[in-house]
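K.L.:
Following this line is start31.cif, made up of mmCIF, C-alpha atoms:
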```cif
data_coords
loop_
_atom_site.label_atom_id
_atom_site.label_comp_id
_atom_site.auth_asym_id
_atom_site.auth_seq_id
_atom_site.Cartn_x
_atom_site.Cartn_y
_atom_site.Cartn_z
CA MET A 137 -29.76 -2.07 0.78
CA THR A 138 -28.41 0.42 3.31
CA THR A 139 -25.80 3.09 2.70
CA PRO A 140 -23.56 3.76 5.72
CA THR A 141 -22.58 7.12 7.11
CA VAL A 142 -18.84 7.73 7.33
CA TYR A 143 -17.86 9.48 10.54
CA ARG A 144 -14.34 10.91 10.86
CA SER A 145 -12.30 12.65 13.51
CA ASP A 146 -11.65 15.54 11.10
CA ASP A 147 -15.37 16.27 10.64
CA GLY A 148 -16.64 19.58 11.95
CA SER A 149 -17.67 19.24 15.62
CA ALA A 150 -16.50 15.60 15.71
CA PRO A 151 -16.12 14.08 19.18
CA VAL A 152 -12.61 13.58 20.52
CA ILE A 153 -11.27 10.12 21.33
CA SER A 154 -8.34 10.27 23.74
CA GLY A 155 -6.78 8.34 26.59
CA GLN A 156 -9.27 9.57 29.16
CA THR A 157 -12.26 8.07 30.92
CA SER A 158 -15.55 8.15 28.98
CA ALA A 159 -13.86 9.33 25.76
CA LEU A 160 -15.15 6.35 23.78
CA ARG A 161 -18.57 6.52 25.48
CA LEU A 162 -19.02 10.14 24.47
CA ALA A 163 -17.79 9.48 20.93
CA LEU A 164 -20.17 6.55 20.40
CA ASN A 165 -23.02 8.58 21.93
CA ALA A 166 -22.41 11.17 19.21
CA ILE A 167 -21.91 8.69 16.37
CA LEU A 168 -24.63 6.18 17.12
CA VAL A 169 -27.31 8.14 18.99
CA ASP A 170 -27.03 11.94 18.97
CA GLY A 171 -25.18 13.01 15.82
CA TYR A 172 -22.75 15.93 15.68
CA GLY A 173 -22.17 18.94 13.43
CA ALA A 174 -23.58 18.18 9.98
CA LYS A 175 -23.58 14.41 10.60
CA ALA A 176 -26.85 12.76 11.59
CA ALA A 177 -26.69 9.91 14.09
CA ALA A 178 -26.50 6.34 12.80
CA GLY A 179 -29.92 5.55 14.28
CA TRP A 180 -29.13 3.50 17.39
CA THR A 181 -30.75 4.05 20.78
CA LYS A 182 -29.14 4.56 24.15
CA ALA A 183 -30.87 1.90 26.21
CA TYR A 184 -29.16 2.70 29.53
CA GLU A 185 -26.48 5.07 30.74
CA ASP A 186 -24.71 5.86 34.01
CA ALA A 187 -22.47 8.76 33.04
CA GLY A 188 -21.00 9.10 36.52
CA SER A 189 -19.77 5.51 36.40
CA HIS A 190 -18.77 5.78 32.71
CA LEU A 191 -21.25 3.08 31.66
CA VAL A 192 -23.58 2.93 28.66
CA ALA A 193 -25.54 0.34 26.72
CA TYR A 194 -26.54 0.86 23.07
CA ARG A 195 -29.23 -0.97 21.15
CA GLN A 196 -29.30 -1.50 17.40
CA GLY A 197 -31.90 0.63 15.67
CA SER A 198 -32.98 -2.21 13.38
CA GLY A 199 -32.09 -5.81 12.65
CA ALA A 200 -31.72 -8.13 15.64
CA GLN A 201 -31.76 -5.14 18.04
CA LYS A 202 -29.12 -6.56 20.35
CA TYR A 203 -27.23 -4.56 22.96
CA LEU A 204 -23.63 -3.39 23.21
CA ALA A 205 -22.58 -2.54 26.78
CA LEU A 206 -19.53 -0.32 27.27
CA THR A 207 -17.52 0.21 30.45
CA ASP A 208 -15.32 3.26 29.89
CA SER A 209 -13.98 3.95 33.37
CA ALA A 210 -10.32 3.26 32.50
CA ALA A 211 -8.24 5.93 30.82
CA GLN A 212 -6.89 4.01 27.85
CA ILE A 213 -8.81 0.76 27.38
CA SER A 214 -12.58 0.31 27.25
CA THR A 215 -14.30 -3.00 27.96
CA LEU A 216 -17.30 -4.25 25.98
CA ARG A 217 -19.85 -7.01 26.19
CA SER A 218 -22.92 -7.82 24.13
CA TYR A 219 -26.32 -9.03 25.28
CA ASN A 220 -29.44 -10.48 23.74
CA SER A 221 -31.52 -8.40 26.18
CA MET A 222 -30.85 -5.99 29.05
CA THR A 223 -32.75 -4.67 32.07
CA ALA A 224 -30.11 -2.23 33.40
CA VAL A 225 -26.84 -0.67 32.31
CA SER A 226 -24.80 -3.65 33.61
CA THR A 227 -27.47 -6.35 33.67
CA GLY A 228 -28.48 -8.51 30.75
CA ILE A 229 -29.39 -11.96 29.48
CA GLY A 230 -27.57 -14.00 26.87
CA SER A 231 -24.18 -12.29 27.05
CA PHE A 232 -21.71 -12.94 24.28
CA PRO A 233 -19.02 -13.75 24.96
CA ARG A 234 -20.26 -15.60 28.02
CA PHE A 235 -19.24 -14.43 31.46
CA SER A 236 -18.20 -18.00 32.22
CA THR A 237 -15.39 -17.81 29.63
CA GLY A 238 -13.70 -14.99 31.56
CA THR A 239 -13.06 -13.26 28.23
CA ALA A 240 -13.26 -9.46 28.11
CA MET A 241 -13.60 -7.60 24.84
CA GLN A 242 -11.27 -4.61 24.66
CA CYS A 243 -10.93 -1.43 22.64
CA ARG A 244 -7.90 0.78 23.22
CA LYS A 245 -8.42 4.51 22.85
CA SER A 246 -4.85 5.79 23.01
CA VAL A 247 -1.30 4.76 23.83
CA THR A 248 -1.14 7.68 26.28
CA ALA A 249 -3.36 8.36 29.30
CA ASP A 250 -4.00 12.01 28.53
CA SER A 251 -6.15 14.38 26.47
CA THR A 252 -4.20 13.96 23.21
CA ALA A 253 -6.82 13.68 20.46
CA ARG A 254 -6.42 10.52 18.40
CA PRO A 255 -7.69 10.22 14.81
CA TRP A 256 -10.46 7.73 14.11
CA ILE A 257 -12.90 6.67 11.39
CA CYS A 258 -16.23 4.89 11.73
CA TYR A 259 -18.60 3.39 9.15
CA ALA A 260 -22.08 2.91 10.56
CA THR A 261 -25.66 2.05 9.72
CA ASP A 262 -28.51 1.66 12.21
CA THR A 263 -27.58 -2.03 12.50
CA THR A 264 -23.80 -2.34 12.18
CA PHE A 265 -20.72 -0.23 12.75
CA TYR A 266 -16.96 -0.57 12.35
CA LEU A 267 -14.58 1.76 14.22
CA ILE A 268 -10.82 2.15 13.84
CA ILE A 269 -8.93 4.29 16.35
CA PHE A 270 -5.38 5.28 15.41
CA GLY A 271 -4.23 5.46 19.01
CA ASN A 272 -0.59 6.33 18.35
CA GLN A 273 -1.18 8.94 15.65
CA ALA A 274 -2.06 12.62 15.38
CA SER A 275 -3.73 12.82 11.96
CA LEU A 276 -6.18 10.72 10.00
CA GLY A 277 -4.44 8.70 7.28
CA SER A 278 -1.39 7.98 9.45
CA PHE A 279 -1.20 4.48 10.88
CA ASP A 280 1.00 1.90 12.57
CA GLY A 281 0.57 -1.12 14.79
CA GLY A 282 -0.99 0.95 17.55
CA ASP A 283 -4.42 1.03 15.90
CA ALA A 284 -7.46 -0.55 17.55
CA HIS A 285 -10.56 -2.09 15.90
CA LEU A 286 -14.14 -2.53 17.03
CA GLY A 287 -17.04 -4.00 15.07
CA PHE A 288 -20.57 -4.82 16.13
CA GLY A 289 -23.73 -5.63 14.22
CA ASP A 290 -25.61 -8.23 12.20
CA MET A 291 -23.99 -10.44 9.60
CA VAL A 292 -25.75 -11.19 6.32
CA PRO A 293 -26.73 -14.80 7.06
CA ILE A 294 -26.16 -17.78 4.81
CA LEU A 295 -27.24 -20.22 7.51
CA ASP A 296 -29.81 -18.29 9.53
CA TYR A 297 -29.71 -19.11 13.23
CA GLY A 298 -32.36 -16.51 13.99
CA GLN A 299 -29.85 -14.40 15.91
CA ASN A 300 -26.87 -13.41 13.80
CA THR A 301 -25.19 -10.63 15.74
CA PHE A 302 -21.39 -10.44 15.92
CA ILE A 303 -18.84 -8.52 17.95
CA ILE A 304 -15.23 -8.19 16.85
CA ALA A 305 -12.86 -6.51 19.28
CA ALA A 306 -9.51 -7.08 20.98
CA SER A 307 -8.15 -9.49 23.54
CA ASP A 308 -4.88 -7.53 23.73
CA THR A 309 -4.66 -5.42 26.91
CA SER A 310 -1.41 -3.52 26.31
CA THR A 311 -1.75 0.21 26.87
CA THR A 312 1.40 1.13 24.90
CA SER A 313 2.28 -1.51 22.29
CA THR A 314 2.53 -0.37 18.67
CA THR A 315 3.29 -3.82 17.31
CA ALA A 316 0.68 -4.85 14.74
CA THR A 317 -1.41 -7.77 15.94
CA VAL A 318 -4.83 -9.19 15.13
CA THR A 319 -5.44 -9.50 18.86
CA ARG A 320 -6.00 -5.72 18.68
CA GLN A 321 -6.74 -5.26 14.96
CA GLY A 322 -9.33 -8.01 14.63
CA LEU A 323 -11.09 -6.57 11.58
CA SER A 324 -7.93 -7.25 9.55
CA GLY A 325 -7.50 -10.91 10.47
CA ASN A 326 -8.02 -13.44 7.69
CA PHE A 327 -8.61 -16.88 9.24
CA ASP A 328 -6.37 -16.05 12.15
CA THR A 329 -7.71 -17.69 15.31
CA SER A 330 -6.82 -14.69 17.47
CA ALA A 331 -9.14 -12.37 15.56
CA TYR A 332 -11.91 -12.32 18.12
CA ALA A 333 -15.39 -12.67 16.70
CA VAL A 334 -18.36 -13.91 18.69
CA LEU A 335 -21.72 -14.69 17.16
CA SER A 336 -24.99 -14.86 19.02
CA GLY A 337 -26.70 -17.80 17.39
CA ARG A 338 -29.72 -20.02 17.92
CA VAL A 339 -29.30 -23.78 17.95
CA GLY A 340 -32.30 -26.03 18.51
CA GLY A 341 -34.43 -23.04 19.47
CA VAL A 342 -32.06 -21.98 22.29
CA ALA A 343 -29.96 -18.81 22.08
CA TYR A 344 -26.32 -19.86 22.12
CA PRO A 345 -23.27 -17.57 21.89
CA PHE A 346 -20.26 -19.20 20.28
CA PRO A 347 -16.87 -18.10 18.90
CA VAL A 348 -16.48 -18.00 15.15
CA TYR A 349 -13.71 -17.48 12.62
CA LYS A 350 -13.50 -14.68 10.10
CA GLY A 351 -11.93 -14.87 6.68
CA ALA A 352 -12.16 -14.21 2.96
CA SER A 353 -12.46 -16.90 0.31
CA THR A 354 -9.58 -16.18 -2.07
CA PRO A 355 -7.13 -18.11 -4.27
CA TRP A 356 -4.30 -16.76 -2.09
CA THR A 357 -3.29 -17.51 1.48
CA ALA A 358 -2.66 -14.53 3.76
CA THR A 359 -3.47 -13.91 7.40
CA ILE A 360 -3.95 -10.14 7.07
CA SER A 361 -6.10 -8.14 4.67
CA GLY A 362 -3.72 -6.19 2.42
CA SER A 363 -0.74 -8.32 3.42
CA THR A 364 2.54 -7.78 1.58
CA SER A 365 2.98 -11.54 1.25
CA ASN A 366 0.90 -14.02 -0.78
CA PHE A 367 -1.25 -11.41 -2.53
CA PRO A 368 -0.62 -10.38 -6.16
CA ALA A 369 0.73 -6.97 -7.11
CA TYR A 370 -1.67 -4.15 -7.87
CA PRO A 371 -3.08 -3.91 -10.47
CA ASP A 372 -3.72 -7.62 -10.76
CA PRO A 373 -1.28 -8.98 -13.38
CA ALA A 374 -3.96 -11.18 -14.93
CA THR A 375 -6.89 -8.78 -15.09
CA GLY A 376 -5.49 -5.29 -14.56
CA MET A 377 -8.09 -4.84 -11.81
CA LEU A 378 -8.20 -4.15 -8.07
CA ASN A 379 -9.30 -7.33 -6.29
CA ILE A 380 -11.36 -7.51 -3.10
CA ALA A 381 -13.30 -10.32 -1.42
CA PRO A 382 -16.07 -10.37 1.19
CA PHE A 383 -15.29 -11.47 4.73
CA TYR A 384 -17.22 -14.49 5.97
CA LEU A 385 -17.87 -15.88 9.42
CA THR A 386 -17.38 -19.63 9.73
CA ASN A 387 -17.50 -22.18 12.52
CA GLN A 388 -13.88 -23.17 11.92
CA GLU A 389 -10.78 -21.65 10.39
CA VAL A 390 -11.29 -23.04 6.89
CA LEU A 391 -14.12 -22.17 4.56
CA ASN A 392 -14.96 -25.73 3.58
CA VAL A 393 -16.48 -26.41 7.00
CA LEU A 394 -19.56 -24.25 7.59
CA VAL A 395 -20.07 -20.72 6.27
CA LEU A 396 -22.49 -18.88 8.54
CA GLY A 397 -22.69 -15.53 6.75
CA ARG A 398 -20.73 -12.49 5.60
CA LEU A 399 -19.84 -9.22 7.27
CA PRO A 400 -21.77 -6.35 5.67
CA GLY A 401 -19.73 -3.54 4.17
CA LEU A 402 -16.30 -4.99 5.07
CA TRP A 403 -14.02 -6.42 2.40
CA CYS A 404 -10.58 -8.01 2.28
CA LEU A 405 -7.97 -6.21 0.16
CA LEU A 406 -6.26 -8.78 -2.07
CA HIS A 407 -3.16 -6.70 -2.85
CA PRO A 408 -0.25 -5.39 -0.75
CA TYR A 409 -1.34 -2.32 1.22
CA THR A 410 1.88 -0.57 0.19
CA SER A 411 0.36 -0.01 -3.27
CA PHE A 412 -2.26 2.38 -1.90
CA THR A 413 -2.73 5.60 0.00
CA SER A 414 -4.91 5.38 3.07
CA LEU A 415 -8.44 6.72 2.48
CA ASP A 416 -8.19 6.12 -1.30
CA THR A 417 -11.63 5.64 -2.86
CA PHE A 418 -12.70 3.64 -5.90
CA SER A 419 -15.82 2.43 -7.70
CA GLY A 420 -16.82 -1.13 -8.43
CA THR A 421 -17.24 -2.71 -11.85
CA GLY A 422 -19.05 -5.82 -13.09
CA ASN A 423 -21.25 -7.24 -10.35
CA LEU A 424 -20.02 -4.46 -8.05
CA ALA A 425 -21.01 -1.68 -10.46
CA GLY A 426 -22.70 1.26 -8.77
CA ARG A 427 -20.98 0.60 -5.43
CA THR A 428 -18.20 2.71 -3.93
CA PHE A 429 -15.36 1.74 -1.60
CA GLN A 430 -12.64 3.21 0.60
CA ILE A 431 -9.28 1.74 1.60
CA VAL A 432 -8.10 2.26 5.17
CA LYS A 433 -4.53 1.31 6.06
CA THR A 434 -4.12 -0.13 9.53
CA GLY A 435 -1.55 -2.25 11.34
CA THR A 436 0.51 -3.95 8.61
CA GLY A 437 -2.31 -4.18 6.08
CA ALA A 438 -5.43 -2.44 4.88
CA LEU A 439 -9.19 -2.91 4.90
CA VAL A 440 -11.80 -2.01 2.32
CA PHE A 441 -15.08 -0.47 3.49
CA GLU A 442 -18.11 -0.15 1.27
CA THR A 443 -19.27 3.47 1.39
CA GLY A 444 -22.25 3.18 -0.91
CA GLY A 445 -24.42 0.30 -2.01
CA ASN A 446 -25.00 -3.00 -0.40
CA TRP A 447 -24.85 -3.12 3.42
#
```
Let me see the file written as structure tokens.
P.N.:
Amino acid sequence: MTTPTVYRSDDGSAPVISGQTSALRLALNAILVDGYGAKAAAGWTKAYEDAGSHLVAYRQGSGAQKYLALTDSAAQISTLRSYNSMTAVSTGIGSFPRFSTGTAMQCRKSVTADSTARPWICYATDTTFYLIIFGNQASLGSFDGGDAHLGFGDMVPILDYGQNTFIIAASDTSTTSTTATVTRQGLSGNFDTSAYAVLSGRVGGVAYPFPVYKGASTPWTATISGSTSNFPAYPDPATGMLNIAPFYLTNQEVLNVLVLGRLPGLWCLLHPYTSFTSLDTFSGTGNLAGRTFQIVKTGTGALVFETGGNW
């Protein structure tokens, strides 16, 4: 079991994410590789970097040890691609998503192309990280539909393809929109086909990147974690408890097809987000006893991140 480090924009000496070139590159350098202030780095390595061209490639410190390549030359939106292996900052083998699909993975830093510092929060181990940037806000805990999500790492496999690395990012390219959408807030999507997740798998001994669906197995139907529709009130009327469910990756948009694995440390909130304050913390009971969690409001819902226990 691995306990993540929680990195926040209000930490001492935290890097600034803003609508400027290389802002995300420098922030991820600090979070994943170098550390900052009192926060140790998550334990990744910087495989390649061309600072002048705003390019960098990170490699997981453990697990499948895949690569995440970042192009951060635009002011507001960064572009990402993952590789099974790399030989230079922009050269690799086994890209996912494939170049042939024409799909670019996006992460928006800010709704303004300037030095305005935007709040952010990141949960990271040496294998997996999740980052939320509140690109239209000025303080951590505030949120709207302008937020952007990025996730990269190894799932906990149920069907082990030998390579189980995922990337979840955005396909939305708007620099200013503050309308909530899973095309930008992909970590929140619950069986919504526009929540972009790509898994690097192995089929018949050949590495094969393919799109997957993400969702939580629950008795209720909702397309957003923490949705105000189709989830019961908090506390749960039947049990008096707070309900969460793990997110799974599947090969189709329903769980009765093929469950590939679950996302470590990320949980679906099964109550309306309006019942909570962003950054609320709570402790698990029953089979989740000894594990701690934090609620992060984003878009028109909320996510639950495991802060101690079972990544």
K.L.:
I need the residue set behind the PyMOL selection byres ((chain A and resi 428-444) around 6) for this file; please write it as a short mmCIF file (atom, residue, chain, number, x, y, z; two decimals) with C-alpha atoms, in the frame of the given file.
P.N.:
```cif
data_model
loop_
_atom_site.label_atom_id
_atom_site.label_comp_id
_atom_site.auth_asym_id
_atom_site.auth_seq_id
_atom_site.Cartn_x
_atom_site.Cartn_y
_atom_site.Cartn_z
CA THR A 139 -25.80 3.09 2.70
CA PHE A 279 -1.20 4.48 10.88
CA ASP A 280 1.00 1.90 12.57
CA GLY A 281 0.57 -1.12 14.79
CA ALA A 316 0.68 -4.85 14.74
CA SER A 361 -6.10 -8.14 4.67
CA GLY A 362 -3.72 -6.19 2.42
CA SER A 363 -0.74 -8.32 3.42
CA GLY A 401 -19.73 -3.54 4.17
CA LEU A 402 -16.30 -4.99 5.07
CA TRP A 403 -14.02 -6.42 2.40
CA CYS A 404 -10.58 -8.01 2.28
CA LEU A 405 -7.97 -6.21 0.16
CA TYR A 409 -1.34 -2.32 1.22
CA SER A 414 -4.91 5.38 3.07
CA LEU A 415 -8.44 6.72 2.48
CA ASP A 416 -8.19 6.12 -1.30
CA THR A 417 -11.63 5.64 -2.86
CA PHE A 418 -12.70 3.64 -5.90
CA SER A 419 -15.82 2.43 -7.70
CA ARG A 427 -20.98 0.60 -5.43
CA GLY A 445 -24.42 0.30 -2.01
#
```
K.L.:
Could you tell me which residues the PyMOL selection byres ((chain A and resi 349-354) around 6) returns for this structure, as JSON, numbers by chain?
P.N.:
{"A": [326, 327, 348, 355, 356, 381, 382, 383, 384, 385, 386, 388, 389]}
K.L.:
Keeping only C-alpha atoms, write the selected residues to a file as a compact mmCIF listing (two decimals), in the frame of the given file.
P.N.:
```txt
# COMPACT_ATOMS: atom_id res chain seq x y z
CA ASN A 326 -8.02 -13.44 7.69
CA PHE A 327 -8.61 -16.88 9.24
CA VAL A 348 -16.48 -18.00 15.15
CA PRO A 355 -7.13 -18.11 -4.27
CA TRP A 356 -4.30 -16.76 -2.09
CA ALA A 381 -13.30 -10.32 -1.42
CA PRO A 382 -16.07 -10.37 1.19
CA PHE A 383 -15.29 -11.47 4.73
CA TYR A 384 -17.22 -14.49 5.97
CA LEU A 385 -17.87 -15.88 9.42
CA THR A 386 -17.38 -19.63 9.73
CA GLN A 388 -13.88 -23.17 11.92
CA GLU A 389 -10.78 -21.65 10.39
```
K.L.:
Considering all atoms listed in the file, can you say which of A:Thr227, A:Thr263, A:Gln196, A:Thr312 comes closest to Gly155 (chain A)?
P.N.:
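The answer is A:Thr312, which sits nearest to Gly155 (chain A).
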K.L.:
Interatomic distance between CA of Ser324 (chain A) and CA of Gly422 (chain A)?
P.N.:
25.3 Å
K.L.:
On this structure, which residues satisfy the PyMOL selection byres ((chain A and resi 143) around 9), written as a PDB file with C-alpha atoms, in the coordinates of the input?
P.N.:
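To be explicit, this is the file written out as out-v1.pdb:
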```pdb
ATOM      1  CA  THR A 141     -22.580   7.120   7.110  1.00  0.00           C
ATOM      2  CA  VAL A 142     -18.840   7.730   7.330  1.00  0.00           C
ATOM      3  CA  ARG A 144     -14.340  10.910  10.860  1.00  0.00           C
ATOM      4  CA  SER A 145     -12.300  12.650  13.510  1.00  0.00           C
ATOM      5  CA  ASP A 146     -11.650  15.540  11.100  1.00  0.00           C
ATOM      6  CA  ASP A 147     -15.370  16.270  10.640  1.00  0.00           C
ATOM      7  CA  ALA A 150     -16.500  15.600  15.710  1.00  0.00           C
ATOM      8  CA  ILE A 167     -21.910   8.690  16.370  1.00  0.00           C
ATOM      9  CA  LYS A 175     -23.580  14.410  10.600  1.00  0.00           C
ATOM     10  CA  TRP A 256     -10.460   7.730  14.110  1.00  0.00           C
ATOM     11  CA  ILE A 257     -12.900   6.670  11.390  1.00  0.00           C
ATOM     12  CA  CYS A 258     -16.230   4.890  11.730  1.00  0.00           C
ATOM     13  CA  TYR A 259     -18.600   3.390   9.150  1.00  0.00           C
ATOM     14  CA  ALA A 260     -22.080   2.910  10.560  1.00  0.00           C
TER      15      ALA A 260
END
```
K.L.:
As an exercise, work out the distance from CA of Asp250 (chain A) to CA of Gln212 (chain A) in Å and give it to one decimal place.
P.N.:
8.5 Å
K.L.:
For Cys243 (chain A), which of A:Gly228, A:Gly322, A:Gly289, A:Gly197 is the closest residue, counting all atoms listed in the file?
P.N.:
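Nearest to Cys243 (chain A): A:Gly322.
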K.L.:
Go through A:Lys245, A:Arg195, A:Arg398, A:His285 one by one, measure the shortest atom-to-atom distance of each to Thr181 (chain A) using only C-alpha atoms, and give the residue with the smallest value.
P.N.:
A:Arg195
K.L.:
Report the distance between CA of Phe302 (chain A) and CA of Ser226 (chain A) in Å, rounded to one decimal place.
P.N.:
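Distance between the two atoms: 19.3 Å.
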K.L.:
Excluding Tyr203 (chain A) and any residue of its chain fewer than 3 positions from it, enumerate the residues within 12 Å of it, using all atoms listed in the file, and give them as a PyMOL selection string.
P.N.:
chain A and resi 180-184+192-200+206+216-232+263-264+288-290+301-303+336
K.L.:
Can those selected residues be exported to a file as a JSON list (two decimals), keeping the file's coordinate frame so that it contains C-alpha atoms?
P.N.:
```json
[["chain", "number", "residue", "atom", "x", "y", "z"],
["A", 180, "TRP", "CA", -29.13, 3.50, 17.39],
["A", 181, "THR", "CA", -30.75, 4.05, 20.78],
["A", 182, "LYS", "CA", -29.14, 4.56, 24.15],
["A", 183, "ALA", "CA", -30.87, 1.90, 26.21],
["A", 184, "TYR", "CA", -29.16, 2.70, 29.53],
["A", 192, "VAL", "CA", -23.58, 2.93, 28.66],
["A", 193, "ALA", "CA", -25.54, 0.34, 26.72],
["A", 194, "TYR", "CA", -26.54, 0.86, 23.07],
["A", 195, "ARG", "CA", -29.23, -0.97, 21.15],
["A", 196, "GLN", "CA", -29.30, -1.50, 17.40],
["A", 197, "GLY", "CA", -31.90, 0.63, 15.67],
["A", 198, "SER", "CA", -32.98, -2.21, 13.38],
["A", 199, "GLY", "CA", -32.09, -5.81, 12.65],
["A", 200, "ALA", "CA", -31.72, -8.13, 15.64],
["A", 206, "LEU", "CA", -19.53, -0.32, 27.27],
["A", 216, "LEU", "CA", -17.30, -4.25, 25.98],
["A", 217, "ARG", "CA", -19.85, -7.01, 26.19],
["A", 218, "SER", "CA", -22.92, -7.82, 24.13],
["A", 219, "TYR", "CA", -26.32, -9.03, 25.28],
["A", 220, "ASN", "CA", -29.44, -10.48, 23.74],
["A", 221, "SER", "CA", -31.52, -8.40, 26.18],
["A", 222, "MET", "CA", -30.85, -5.99, 29.05],
["A", 223, "THR", "CA", -32.75, -4.67, 32.07],
["A", 224, "ALA", "CA", -30.11, -2.23, 33.40],
["A", 225, "VAL", "CA", -26.84, -0.67, 32.31],
["A", 226, "SER", "CA", -24.80, -3.65, 33.61],
["A", 227, "THR", "CA", -27.47, -6.35, 33.67],
["A", 228, "GLY", "CA", -28.48, -8.51, 30.75],
["A", 229, "ILE", "CA", -29.39, -11.96, 29.48],
["A", 230, "GLY", "CA", -27.57, -14.00, 26.87],
["A", 231, "SER", "CA", -24.18, -12.29, 27.05],
["A", 232, "PHE", "CA", -21.71, -12.94, 24.28],
["A", 263, "THR", "CA", -27.58, -2.03, 12.50],
["A", 264, "THR", "CA", -23.80, -2.34, 12.18],
["A", 288, "PHE", "CA", -20.57, -4.82, 16.13],
["A", 289, "GLY", "CA", -23.73, -5.63, 14.22],
["A", 290, "ASP", "CA", -25.61, -8.23, 12.20],
["A", 301, "THR", "CA", -25.19, -10.63, 15.74],
["A", 302, "PHE", "CA", -21.39, -10.44, 15.92],
["A", 303, "ILE", "CA", -18.84, -8.52, 17.95],
["A", 336, "SER", "CA", -24.99, -14.86, 19.02]]
```
K.L.:
For each of A:Phe412, A:Phe265, A:Phe270, A:Tyr172, take the minimum atom-to-atom distance to Ser149 (chain A), counting only C-alpha atoms, then give the residue where this is smallest.
P.N.:
A:Tyr172
K.L.:
Export region 409-414 of chain A of the preceding structure, keeping all heavy atoms, as a short mmCIF file (atom, residue, chain, number, x, y, z; two decimals), in the first residue's frame.
P.N.:
```cif
data_model
loop_
_atom_site.label_atom_id
_atom_site.label_comp_id
_atom_site.auth_asym_id
_atom_site.auth_seq_id
_atom_site.Cartn_x
_atom_site.Cartn_y
_atom_site.Cartn_z
N TYR A 409 -22.98 17.04 -4.36
CA TYR A 409 -21.82 17.80 -3.89
C TYR A 409 -22.21 19.00 -3.04
O TYR A 409 -21.40 19.51 -2.24
CB TYR A 409 -20.98 18.26 -5.09
CG TYR A 409 -21.57 19.40 -5.89
CD1 TYR A 409 -21.16 20.71 -5.70
CD2 TYR A 409 -22.56 19.17 -6.86
CE1 TYR A 409 -21.69 21.75 -6.44
CE2 TYR A 409 -23.09 20.19 -7.60
CZ TYR A 409 -22.65 21.49 -7.39
OH TYR A 409 -23.19 22.53 -8.12
N THR A 410 -23.45 19.47 -3.20
CA THR A 410 -23.92 20.63 -2.45
C THR A 410 -24.00 20.37 -0.95
O THR A 410 -24.14 21.31 -0.16
CB THR A 410 -25.30 21.06 -2.97
OG1 THR A 410 -26.16 19.92 -3.03
CG2 THR A 410 -25.18 21.65 -4.37
N SER A 411 -23.91 19.10 -0.53
CA SER A 411 -23.98 18.77 0.89
C SER A 411 -22.63 18.93 1.59
O SER A 411 -22.55 18.71 2.80
CB SER A 411 -24.47 17.32 1.06
OG SER A 411 -25.74 17.14 0.49
N PHE A 412 -21.60 19.29 0.86
CA PHE A 412 -20.24 19.27 1.42
C PHE A 412 -19.52 20.59 1.17
O PHE A 412 -19.91 21.37 0.31
CB PHE A 412 -19.44 18.12 0.79
CG PHE A 412 -20.09 16.79 0.95
CD1 PHE A 412 -20.95 16.30 -0.03
CD2 PHE A 412 -19.87 16.02 2.09
CE1 PHE A 412 -21.57 15.07 0.12
CE2 PHE A 412 -20.49 14.80 2.24
CZ PHE A 412 -21.35 14.31 1.26
N THR A 413 -18.47 20.79 1.93
CA THR A 413 -17.55 21.89 1.71
C THR A 413 -16.30 21.34 1.04
O THR A 413 -15.78 20.30 1.45
CB THR A 413 -17.16 22.57 3.04
OG1 THR A 413 -18.35 23.08 3.66
CG2 THR A 413 -16.16 23.69 2.81
N SER A 414 -15.83 22.01 0.01
CA SER A 414 -14.65 21.52 -0.68
C SER A 414 -13.47 21.44 0.28
O SER A 414 -13.27 22.30 1.14
CB SER A 414 -14.29 22.45 -1.85
OG SER A 414 -13.36 21.81 -2.71
#
```
